[in-house]
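This report concerns only the one structure given below.
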Amino acid sequence: MIIVRLIGGLGNQMFQYAAAKGLAEMKKVPLKLDITDFLTHYNLRNFELDKFNISSEVALEKEMLYYKCNSKSYPFNLYLKVLKKIKGVKYQMEPHFHYWDEIKGLPKSSYLEGYWQSEKYFSGIENIIREEFTLKEGLSEERIGLLKEISNSNSVSIHVRRGDYISNPEANKVHGICSTNYYINACNYIIRNINAPKFYVFSDDIEYVKKSGIFGRLNDVFFVKALENEKRNDVEEMFLMSSCAHNIIANSSFSWWGAWLNGNAEKIVIAPKVWFADSTINTKDIIPERWIKL
């Protein structure tokens, strides 16, 4: 059995799941999900993969006991030390940010921790990943109307990530945000190469983006807001992004997946060539070679 520790936002959870699924399929063993962090101390994000048609189940406490001891009885660093001593079970922390080819050599009983942000981890099972990352429930009526508009135009999603990238000094130091020039250059590239594009802007701070005037020069632009009396619905917004013909993404795993799930064979995906403000992180495997980096 492969067990993967899930943490972070929706995009992070999807990378963790896809990488672990790739290993489980390779080893021909079940995949189980450790969502303990979302049930205990981690209150920044929620477990969201249950909104997709994923085939893997949440690991039972008794199953995780074999892999990492009981989290209620041991502090995290202690049960990991115990885990490493259990015969036949491999606890594997992601050794670095770029693709780690040695994951293929892990045993059938492995526990994965990390972010695993490269499509190389699930190369060969792309169809499985696409099928499992479909919505379990249908869109709301208002969203269905927007989806029809998106599907009937040369639609281009634009994602602007702000949130904790702005408000959290540590996150800002590591991630940074995409510059206005990046978005201007990306939009200009689309305008030069796509006939009559219609831009759909998504953001975790859509009101700021709308008022900022960053996209005021575009002829046809629509700012996607949360529905009345509704908080942002991440899975629906990602689905709408993936339904666009083309994508301009931020340095965000959320819009990365919106672009990757886009099934248009002739899609143009534009991504920032600078993924982290921290230049010491090797990001050579995060952006697929077929995408355009600006």
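Please note that chains go A, B, ... in the order of the structure tokens, that every chain numbers its residues from 1, and that ligands are numbered from 1 in the order shown.
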Please provide as a ChimeraX atom specification all residues within 7 Å of segment 239-242 of chain A, with the sequence filter that same-chain residues fewer than 5 positions apart are discarded (counting only C-alpha atoms).
/A:147,157,258-259,261-262
Using N, CA, C and O atoms, can you write the selected residues to a file as a compact mmCIF listing (two decimals), in the first residue's frame?
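Result file is selection_8.txt:
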```
# COMPACT_ATOMS: atom_id res chain seq x y z
N LEU A 147 -20.10 28.59 -18.35
CA LEU A 147 -19.39 27.53 -19.08
C LEU A 147 -19.77 27.55 -20.56
O LEU A 147 -18.91 27.37 -21.43
N SER A 157 -8.20 31.78 -20.10
CA SER A 157 -8.23 32.03 -18.66
C SER A 157 -6.97 32.78 -18.26
O SER A 157 -5.88 32.52 -18.77
N GLY A 258 -5.39 23.92 -13.63
CA GLY A 258 -6.42 24.40 -14.55
C GLY A 258 -5.96 24.30 -15.99
O GLY A 258 -6.73 23.92 -16.89
N ALA A 259 -4.69 24.62 -16.23
CA ALA A 259 -4.13 24.54 -17.59
C ALA A 259 -3.87 23.10 -18.01
O ALA A 259 -4.15 22.70 -19.14
N LEU A 261 -5.34 20.36 -17.07
CA LEU A 261 -6.58 19.62 -17.31
C LEU A 261 -7.32 20.11 -18.55
O LEU A 261 -8.30 19.48 -18.96
N ASN A 262 -6.89 21.20 -19.12
CA ASN A 262 -7.47 21.71 -20.36
C ASN A 262 -7.26 20.67 -21.46
O ASN A 262 -6.12 20.31 -21.80
```
If you run DSSP on this backbone, which residues of segment 46-270 of chain A come out as strand (DSSP E), and could you give them as a PyMOL selection string?
chain A and resi 57-58+90-93+110-113+154-160+197-203+221-223+246-248+269-270
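Residues in contact with Ile158 of chain A at 7 Å, where only C-alpha atoms are counted and same-chain residues fewer than 2 positions away are skipped, are listed as Val156, Val160, Phe199, Tyr200, Val201, Phe202, Asn247, Ile248 and Ile249 of chain A.
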Polymer residues at most 8 Å from Gln92 of chain A, only C-alpha atoms, same-chain spacing of 3 or more positions, as a ChimeraX atom specification
/A:110-113
I'd like the contact shell of Arg45 of chain A - 12 Å cut-off, only C-alpha atoms, skipping same-chain residues fewer than 3 positions apart - returned as a list of chain:residue names.
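Selected residues are A:Leu6, A:Ile7, A:Gly8, A:Gly9, A:Leu10, A:Gly11, A:Asn12, A:Gln13, A:Ile35, A:Asp37, A:Phe38, A:Leu39, A:Thr40, A:His41, A:Tyr42, A:Glu48, A:Leu49, A:Asp164, A:Asp234.
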If we count only C-alpha atoms and set the cut-off at 12 Å, which residues sit around Glu149 of chain A, ignoring sequence neighbours fewer than 4 positions away in its own chain? Please answer as a compact mmCIF listing (two decimals) with all heavy atoms, in the first residue's frame.
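The result, stored in selection_0.txt:
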```
# COMPACT_ATOMS: atom_id res chain seq x y z
N GLU A 142 -25.87 29.06 -12.55
CA GLU A 142 -25.15 30.26 -12.99
C GLU A 142 -23.82 29.90 -13.65
O GLU A 142 -23.43 30.50 -14.64
CB GLU A 142 -24.90 31.19 -11.81
CG GLU A 142 -26.16 31.78 -11.19
CD GLU A 142 -26.73 30.92 -10.08
OE1 GLU A 142 -26.44 29.70 -10.04
OE2 GLU A 142 -27.46 31.47 -9.25
N ARG A 143 -23.14 28.92 -13.08
CA ARG A 143 -21.86 28.50 -13.64
C ARG A 143 -22.04 27.79 -14.99
O ARG A 143 -21.18 27.87 -15.86
CB ARG A 143 -21.14 27.56 -12.66
CG ARG A 143 -20.71 28.20 -11.36
CD ARG A 143 -19.75 29.33 -11.58
NE ARG A 143 -19.10 29.72 -10.33
CZ ARG A 143 -18.57 30.90 -10.11
NH1 ARG A 143 -18.64 31.84 -11.04
NH2 ARG A 143 -17.95 31.18 -8.96
N ILE A 144 -23.14 27.08 -15.15
CA ILE A 144 -23.41 26.42 -16.43
C ILE A 144 -23.53 27.46 -17.54
O ILE A 144 -23.03 27.28 -18.65
CB ILE A 144 -24.68 25.56 -16.34
CG1 ILE A 144 -24.43 24.35 -15.43
CG2 ILE A 144 -25.13 25.09 -17.72
CD1 ILE A 144 -25.66 23.50 -15.18
N GLY A 145 -24.18 28.57 -17.24
CA GLY A 145 -24.30 29.64 -18.22
C GLY A 145 -22.95 30.21 -18.60
O GLY A 145 -22.66 30.45 -19.77
N SER A 153 -16.40 30.44 -27.34
CA SER A 153 -15.53 31.55 -27.72
C SER A 153 -14.08 31.09 -27.71
O SER A 153 -13.77 30.00 -27.22
CB SER A 153 -15.72 32.73 -26.75
OG SER A 153 -15.29 32.37 -25.45
N ASN A 154 -13.19 31.93 -28.25
CA ASN A 154 -11.76 31.68 -28.13
C ASN A 154 -11.34 32.14 -26.73
O ASN A 154 -10.66 33.16 -26.57
CB ASN A 154 -10.98 32.42 -29.21
CG ASN A 154 -10.97 31.68 -30.52
OD1 ASN A 154 -11.12 30.46 -30.54
ND2 ASN A 154 -10.80 32.39 -31.62
N SER A 155 -11.78 31.40 -25.74
CA SER A 155 -11.63 31.80 -24.35
C SER A 155 -10.20 31.59 -23.85
O SER A 155 -9.54 30.61 -24.20
CB SER A 155 -12.62 31.03 -23.48
OG SER A 155 -12.50 29.63 -23.73
N VAL A 156 -9.76 32.51 -23.01
CA VAL A 156 -8.43 32.46 -22.42
C VAL A 156 -8.57 32.74 -20.93
O VAL A 156 -9.04 33.81 -20.53
CB VAL A 156 -7.48 33.50 -23.04
CG1 VAL A 156 -6.08 33.36 -22.45
CG2 VAL A 156 -7.45 33.38 -24.55
N LYS A 198 -11.32 36.01 -25.98
CA LYS A 198 -12.07 36.58 -24.87
C LYS A 198 -11.40 36.11 -23.59
O LYS A 198 -11.22 34.91 -23.38
CB LYS A 198 -13.53 36.14 -24.88
CG LYS A 198 -14.32 36.77 -23.73
CD LYS A 198 -15.82 36.60 -23.87
CE LYS A 198 -16.55 37.31 -22.74
NZ LYS A 198 -18.03 37.23 -22.86
N PHE A 199 -11.04 37.06 -22.74
CA PHE A 199 -10.28 36.76 -21.55
C PHE A 199 -11.20 36.63 -20.33
O PHE A 199 -12.08 37.46 -20.11
CB PHE A 199 -9.24 37.86 -21.29
CG PHE A 199 -8.19 37.97 -22.36
CD1 PHE A 199 -8.36 38.82 -23.45
CD2 PHE A 199 -7.03 37.21 -22.30
CE1 PHE A 199 -7.40 38.92 -24.44
CE2 PHE A 199 -6.06 37.29 -23.28
CZ PHE A 199 -6.24 38.15 -24.37
N TYR A 200 -10.97 35.58 -19.55
CA TYR A 200 -11.70 35.34 -18.31
C TYR A 200 -10.69 35.36 -17.16
O TYR A 200 -9.79 34.52 -17.11
CB TYR A 200 -12.43 34.01 -18.36
CG TYR A 200 -13.57 33.99 -19.36
CD1 TYR A 200 -13.33 33.71 -20.71
CD2 TYR A 200 -14.87 34.27 -18.96
CE1 TYR A 200 -14.37 33.72 -21.63
CE2 TYR A 200 -15.91 34.27 -19.87
CZ TYR A 200 -15.66 34.00 -21.21
OH TYR A 200 -16.69 34.01 -22.12
N PHE A 222 -13.70 39.41 -18.95
CA PHE A 222 -14.74 39.13 -17.96
C PHE A 222 -14.08 38.70 -16.67
O PHE A 222 -13.21 37.83 -16.67
CB PHE A 222 -15.67 38.03 -18.47
CG PHE A 222 -16.78 37.68 -17.52
CD1 PHE A 222 -17.95 38.42 -17.48
CD2 PHE A 222 -16.65 36.60 -16.64
CE1 PHE A 222 -18.97 38.09 -16.60
CE2 PHE A 222 -17.67 36.27 -15.76
CZ PHE A 222 -18.83 37.03 -15.74
N LEU A 240 -13.68 25.64 -14.62
CA LEU A 240 -13.95 26.68 -15.62
C LEU A 240 -12.66 27.09 -16.32
O LEU A 240 -12.65 27.29 -17.55
CB LEU A 240 -14.61 27.89 -14.97
CG LEU A 240 -16.05 27.68 -14.48
CD1 LEU A 240 -16.52 28.88 -13.68
CD2 LEU A 240 -17.00 27.42 -15.66
N SER A 243 -11.76 24.60 -18.85
CA SER A 243 -12.69 24.59 -19.98
C SER A 243 -12.38 25.67 -21.00
O SER A 243 -12.96 25.68 -22.09
CB SER A 243 -14.13 24.76 -19.47
OG SER A 243 -14.47 23.72 -18.56
N CYS A 244 -11.49 26.60 -20.64
CA CYS A 244 -11.08 27.64 -21.59
C CYS A 244 -10.19 27.02 -22.67
O CYS A 244 -9.52 26.01 -22.44
CB CYS A 244 -10.33 28.75 -20.86
SG CYS A 244 -11.37 29.77 -19.78
N ALA A 245 -10.18 27.65 -23.82
CA ALA A 245 -9.38 27.13 -24.93
C ALA A 245 -7.89 27.29 -24.68
O ALA A 245 -7.08 26.47 -25.13
CB ALA A 245 -9.78 27.83 -26.23
```
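The shortest atom-to-atom distance to Leu106 of chain A, with only C-alpha atoms taken into account, belongs to A:Met26 out of A:Met26, A:Met64, A:Glu57, A:Met238.
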